[in-house]
>>> print(open('input-v7.pdb').read())   # PDB, C-alpha atoms
ATOM      1  CA  MET A   1     -52.849 -94.694 -57.567
ATOM      2  CA  ASP A   2     -50.328 -97.144 -58.993
ATOM      3  CA  ILE A   3     -47.709 -96.609 -61.720
ATOM      4  CA  ASN A   4     -49.773 -98.320 -64.445
ATOM      5  CA  THR A   5     -52.769 -96.069 -63.765
ATOM      6  CA  LEU A   6     -50.554 -92.977 -63.727
ATOM      7  CA  LEU A   7     -49.023 -93.734 -67.118
ATOM      8  CA  GLN A   8     -52.302 -94.231 -68.975
ATOM      9  CA  PRO A   9     -52.435 -91.681 -71.834
ATOM     10  CA  ASP A  10     -55.780 -90.259 -70.741
ATOM     11  CA  CYS A  11     -54.724 -90.033 -67.066
ATOM     12  CA  PHE A  12     -51.206 -88.577 -67.144
ATOM     13  CA  SER A  13     -51.116 -84.907 -66.168
ATOM     14  CA  VAL A  14     -49.332 -82.645 -63.749
ATOM     15  CA  PHE A  15     -52.191 -83.220 -61.294
ATOM     16  CA  ALA A  16     -52.013 -87.026 -61.593
ATOM     17  CA  LEU A  17     -48.250 -86.856 -61.140
ATOM     18  CA  GLY A  18     -48.710 -84.744 -58.013
ATOM     19  CA  ALA A  19     -51.277 -87.209 -56.657
ATOM     20  CA  PHE A  20     -48.924 -90.129 -57.345
ATOM     21  CA  LEU A  21     -45.896 -88.478 -55.730
ATOM     22  CA  GLY A  22     -47.869 -87.071 -52.806
ATOM     23  CA  PRO A  23     -47.008 -84.115 -50.577
ATOM     24  CA  SER A  24     -43.464 -83.487 -49.379
ATOM     25  CA  ILE A  25     -43.877 -81.048 -46.508
ATOM     26  CA  THR A  26     -42.750 -83.112 -43.527
ATOM     27  CA  GLU A  27     -39.675 -85.355 -43.443
ATOM     28  CA  LYS A  28     -41.817 -88.512 -43.502
ATOM     29  CA  GLN A  29     -43.832 -87.231 -46.483
ATOM     30  CA  ARG A  30     -40.617 -86.267 -48.284
ATOM     31  CA  ILE A  31     -39.251 -89.796 -47.879
ATOM     32  CA  LEU A  32     -42.501 -91.377 -49.109
ATOM     33  CA  SER A  33     -42.682 -88.969 -52.045
ATOM     34  CA  GLY A  34     -39.070 -89.743 -52.942
ATOM     35  CA  ARG A  35     -39.864 -93.464 -52.926
ATOM     36  CA  GLN A  36     -42.757 -92.840 -55.312
ATOM     37  CA  GLY A  37     -40.310 -91.021 -57.600
ATOM     38  CA  GLU A  38     -37.974 -94.024 -57.372
ATOM     39  CA  ILE A  39     -40.845 -96.239 -58.571
ATOM     40  CA  ILE A  40     -41.078 -94.124 -61.730
ATOM     41  CA  PHE A  41     -37.310 -94.299 -62.291
ATOM     42  CA  THR A  42     -37.317 -98.064 -61.734
ATOM     43  CA  TYR A  43     -40.247 -98.483 -64.123
ATOM     44  CA  PHE A  44     -38.340 -96.743 -66.917
ATOM     45  CA  GLY A  45     -35.044 -98.518 -66.104
ATOM     46  CA  ILE A  46     -33.168 -95.421 -64.931
ATOM     47  CA  ILE A  47     -32.290 -97.136 -61.668
ATOM     48  CA  PRO A  48     -32.085-100.942 -61.445
ATOM     49  CA  SER A  49     -34.984-103.018 -60.157
ATOM     50  CA  ASP A  50     -34.696-105.994 -57.817
ATOM     51  CA  PHE A  51     -34.028-108.250 -60.796
ATOM     52  CA  ASP A  52     -31.469-106.048 -62.588
ATOM     53  CA  LEU A  53     -28.101-107.001 -61.177
ATOM     54  CA  PRO A  54     -25.069-105.438 -62.846
ATOM     55  CA  GLU A  55     -22.060-107.525 -63.775
ATOM     56  CA  CYS A  56     -18.897-106.977 -61.797
ATOM     57  CA  ARG A  57     -15.702-105.968 -63.551
ATOM     58  CA  CYS A  58     -14.065-109.131 -62.192
ATOM     59  CA  GLY A  59     -16.721-111.333 -63.817
ATOM     60  CA  ARG A  60     -18.182-112.646 -60.569
ATOM     61  CA  PRO A  61     -21.940-112.397 -60.008
ATOM     62  CA  MET A  62     -23.186-109.528 -57.889
ATOM     63  CA  TYR A  63     -25.847-109.547 -55.230
ATOM     64  CA  ARG A  64     -27.859-106.864 -53.502
ATOM     65  CA  VAL A  65     -26.821-105.732 -50.005
ATOM     66  CA  ASN A  66     -28.925-103.501 -47.748
ATOM     67  CA  ASP A  67     -26.970-100.356 -46.930
ATOM     68  CA  SER A  68     -28.755 -97.605 -45.044
ATOM     69  CA  SER A  69     -25.975 -95.141 -45.850
ATOM     70  CA  ARG A  70     -27.038 -95.182 -49.520
ATOM     71  CA  LYS A  71     -29.891 -92.994 -50.682
ATOM     72  CA  LEU A  72     -31.733 -95.954 -52.226
ATOM     73  CA  GLY A  73     -31.024 -98.131 -49.174
ATOM     74  CA  TYR A  74     -28.954-100.749 -50.962
ATOM     75  CA  ARG A  75     -25.842-101.335 -53.045
ATOM     76  CA  PHE A  76     -24.406-104.209 -55.068
ATOM     77  CA  LYS A  77     -21.463-106.372 -54.020
ATOM     78  CA  CYS A  78     -19.607-109.333 -55.511
ATOM     79  CA  ALA A  79     -17.859-112.211 -53.742
ATOM     80  CA  GLY A  80     -14.535-110.488 -54.449
ATOM     81  CA  GLY A  81     -15.555-107.494 -52.348
ATOM     82  CA  HIS A  82     -16.175-105.026 -55.193
ATOM     83  CA  LYS A  83     -19.038-102.616 -54.491
ATOM     84  CA  ILE A  84     -21.243-100.700 -56.916
ATOM     85  CA  ASN A  85     -23.727 -97.939 -56.168
ATOM     86  CA  PRO A  86     -27.077 -98.630 -57.958
ATOM     87  CA  THR A  87     -27.139 -95.090 -59.367
ATOM     88  CA  LYS A  88     -23.629 -95.342 -60.854
ATOM     89  CA  ASN A  89     -23.453 -94.087 -64.448
ATOM     90  CA  THR A  90     -26.922 -92.546 -64.282
ATOM     91  CA  PHE A  91     -27.782 -88.880 -64.134
ATOM     92  CA  LEU A  92     -28.857 -89.539 -60.531
ATOM     93  CA  GLU A  93     -25.320 -90.489 -59.490
ATOM     94  CA  TYR A  94     -24.285 -87.103 -58.137
ATOM     95  CA  VAL A  95     -27.545 -85.222 -57.670
ATOM     96  CA  HIS A  96     -29.775 -87.798 -56.015
ATOM     97  CA  THR A  97     -27.230 -89.578 -53.847
ATOM     98  CA  ALA A  98     -25.820 -86.281 -52.625
ATOM     99  CA  GLY A  99     -29.180 -85.673 -50.944
ATOM    100  CA  GLU A 100     -29.698 -82.378 -52.757
ATOM    101  CA  LEU A 101     -32.909 -83.515 -54.443
ATOM    102  CA  GLY A 102     -35.203 -86.471 -54.068
ATOM    103  CA  CYS A 103     -36.442 -88.537 -57.000
ATOM    104  CA  ASN A 104     -39.834 -86.884 -56.634
ATOM    105  CA  LYS A 105     -38.414 -83.410 -57.356
ATOM    106  CA  ILE A 106     -36.329 -84.703 -60.264
ATOM    107  CA  VAL A 107     -39.430 -86.322 -61.826
ATOM    108  CA  GLN A 108     -41.329 -83.057 -61.452
ATOM    109  CA  MET A 109     -38.488 -81.080 -63.050
ATOM    110  CA  ILE A 110     -38.321 -83.481 -66.001
ATOM    111  CA  TYR A 111     -42.083 -83.283 -66.489
ATOM    112  CA  LEU A 112     -42.192 -79.490 -66.306
ATOM    113  CA  ASN A 113     -39.193 -79.164 -68.612
ATOM    114  CA  TYR A 114     -40.900 -81.465 -71.075
ATOM    115  CA  LEU A 115     -43.965 -79.237 -71.043
ATOM    116  CA  ARG A 116     -41.797 -76.084 -71.151
ATOM    117  CA  GLU A 117     -43.560 -74.699 -68.108
ATOM    118  CA  PRO A 118     -41.630 -72.501 -65.681
ATOM    119  CA  LEU A 119     -40.472 -74.210 -62.486
ATOM    120  CA  CYS A 120     -41.750 -71.480 -60.147
TER     121      CYS A 120
END
>>> encode(input="input-v7.pdb", output="structure tokens")
Amino acid sequence: MDINTLLQPDCFSVFALGAFLGPSITEKQRILSGRQGEIIFTYFGIIPSDFDLPECRCGRPMYRVNDSSRKLGYRFKCAGGHKINPTKNTFLEYVHTAGELGCNKIVQMIYLNYLREPLC
């Protein structure tokens, strides 16, 4: 299932969301499920896409740099050496990058809170 199919009004449900995110039992499944959650956040502009480059405070253009130490696997850098985390100034800045929760769990919590269903 892709993001456009998931977000169709007649398709979106807790079951469709679970099918889109997938299981998160093993470490590999957790990583894949987290990436699916990142797709949702990118779709809604919560985290930047490949084409959304922030402007540096020094005015120089920024570019994307692969950085495996970051939760999303990249960061932004300008020619002057300034670095910016892609989740800076988002609600994911401290929760997601701290490794406490993956994007998949955050999406599920938002959905369940929206429906006013209990989390357990």
>>> resolve_selection(input="input-v7.pdb", expression="the PyMOL selection byres ((chain A and resi 60) around 12)", output="PDB file with C-alpha atoms, keeping the file's coordinate frame")
ATOM      1  CA  LEU A  53     -28.101-107.001 -61.177  1.00  0.00           C
ATOM      2  CA  PRO A  54     -25.069-105.438 -62.846  1.00  0.00           C
ATOM      3  CA  GLU A  55     -22.060-107.525 -63.775  1.00  0.00           C
ATOM      4  CA  CYS A  56     -18.897-106.977 -61.797  1.00  0.00           C
ATOM      5  CA  ARG A  57     -15.702-105.968 -63.551  1.00  0.00           C
ATOM      6  CA  CYS A  58     -14.065-109.131 -62.192  1.00  0.00           C
ATOM      7  CA  GLY A  59     -16.721-111.333 -63.817  1.00  0.00           C
ATOM      8  CA  PRO A  61     -21.940-112.397 -60.008  1.00  0.00           C
ATOM      9  CA  MET A  62     -23.186-109.528 -57.889  1.00  0.00           C
ATOM     10  CA  TYR A  63     -25.847-109.547 -55.230  1.00  0.00           C
ATOM     11  CA  PHE A  76     -24.406-104.209 -55.068  1.00  0.00           C
ATOM     12  CA  LYS A  77     -21.463-106.372 -54.020  1.00  0.00           C
ATOM     13  CA  CYS A  78     -19.607-109.333 -55.511  1.00  0.00           C
ATOM     14  CA  ALA A  79     -17.859-112.211 -53.742  1.00  0.00           C
ATOM     15  CA  GLY A  80     -14.535-110.488 -54.449  1.00  0.00           C
ATOM     16  CA  GLY A  81     -15.555-107.494 -52.348  1.00  0.00           C
ATOM     17  CA  HIS A  82     -16.175-105.026 -55.193  1.00  0.00           C
ATOM     18  CA  LYS A  83     -19.038-102.616 -54.491  1.00  0.00           C
TER      19      LYS A  83
END
>>> atom_distance(input="input-v7.pdb", atom1="atom CA of Pro48 of chain A", atom2="atom CA of Thr87 of chain A")
7.9 Å
>>> residues_around(input="input-v7.pdb", residues="Asp2 of chain A", least_positions_apart="3", cutoff="10 Å", atoms="only C-alpha atoms", output="ChimeraX atom specification")
/A:5-7,20,36,39
>>> atom_distance(input="input-v7.pdb", atom1="atom CA of Ile106 of chain A", atom2="atom CA of Ser33 of chain A")
11.2 Å
>>> closest_residue(input="input-v7.pdb", among="A:Gly73, A:Gly37, A:Gly45, A:Gly22", to="Met109 of chain A", atoms="all atoms listed in the file")
A:Gly37
>>> residues_near_point(input="input-v7.pdb", point="(-44.7, -97.2, -63.3)", cutoff="6 Å", atoms="only C-alpha atoms", output="mmCIF file with C-alpha atoms, keeping the file's coordinate frame")
data_model
loop_
_atom_site.group_PDB
_atom_site.id
_atom_site.type_symbol
_atom_site.label_atom_id
_atom_site.label_comp_id
_atom_site.auth_asym_id
_atom_site.auth_seq_id
_atom_site.Cartn_x
_atom_site.Cartn_y
_atom_site.Cartn_z
ATOM 1 C CA ILE A 3 -47.709 -96.609 -61.720
ATOM 2 C CA ASN A 4 -49.773 -98.320 -64.445
ATOM 3 C CA ILE A 40 -41.078 -94.124 -61.730
ATOM 4 C CA TYR A 43 -40.247 -98.483 -64.123
#
>>> atom_distance(input="input-v7.pdb", atom1="atom CA of Asn85 of chain A", atom2="atom CA of Gly102 of chain A")
16.4 Å
>>> closest_residue(input="input-v7.pdb", among="A:Val14, A:Arg70, A:Pro9, A:Phe41", to="Tyr114 of chain A", atoms="only C-alpha atoms")
A:Val14
>>> closest_residue(input="input-v7.pdb", among="A:Ser49, A:Gln108, A:Thr42, A:Ser69", to="Ala16 of chain A", atoms="only C-alpha atoms")
A:Gln108
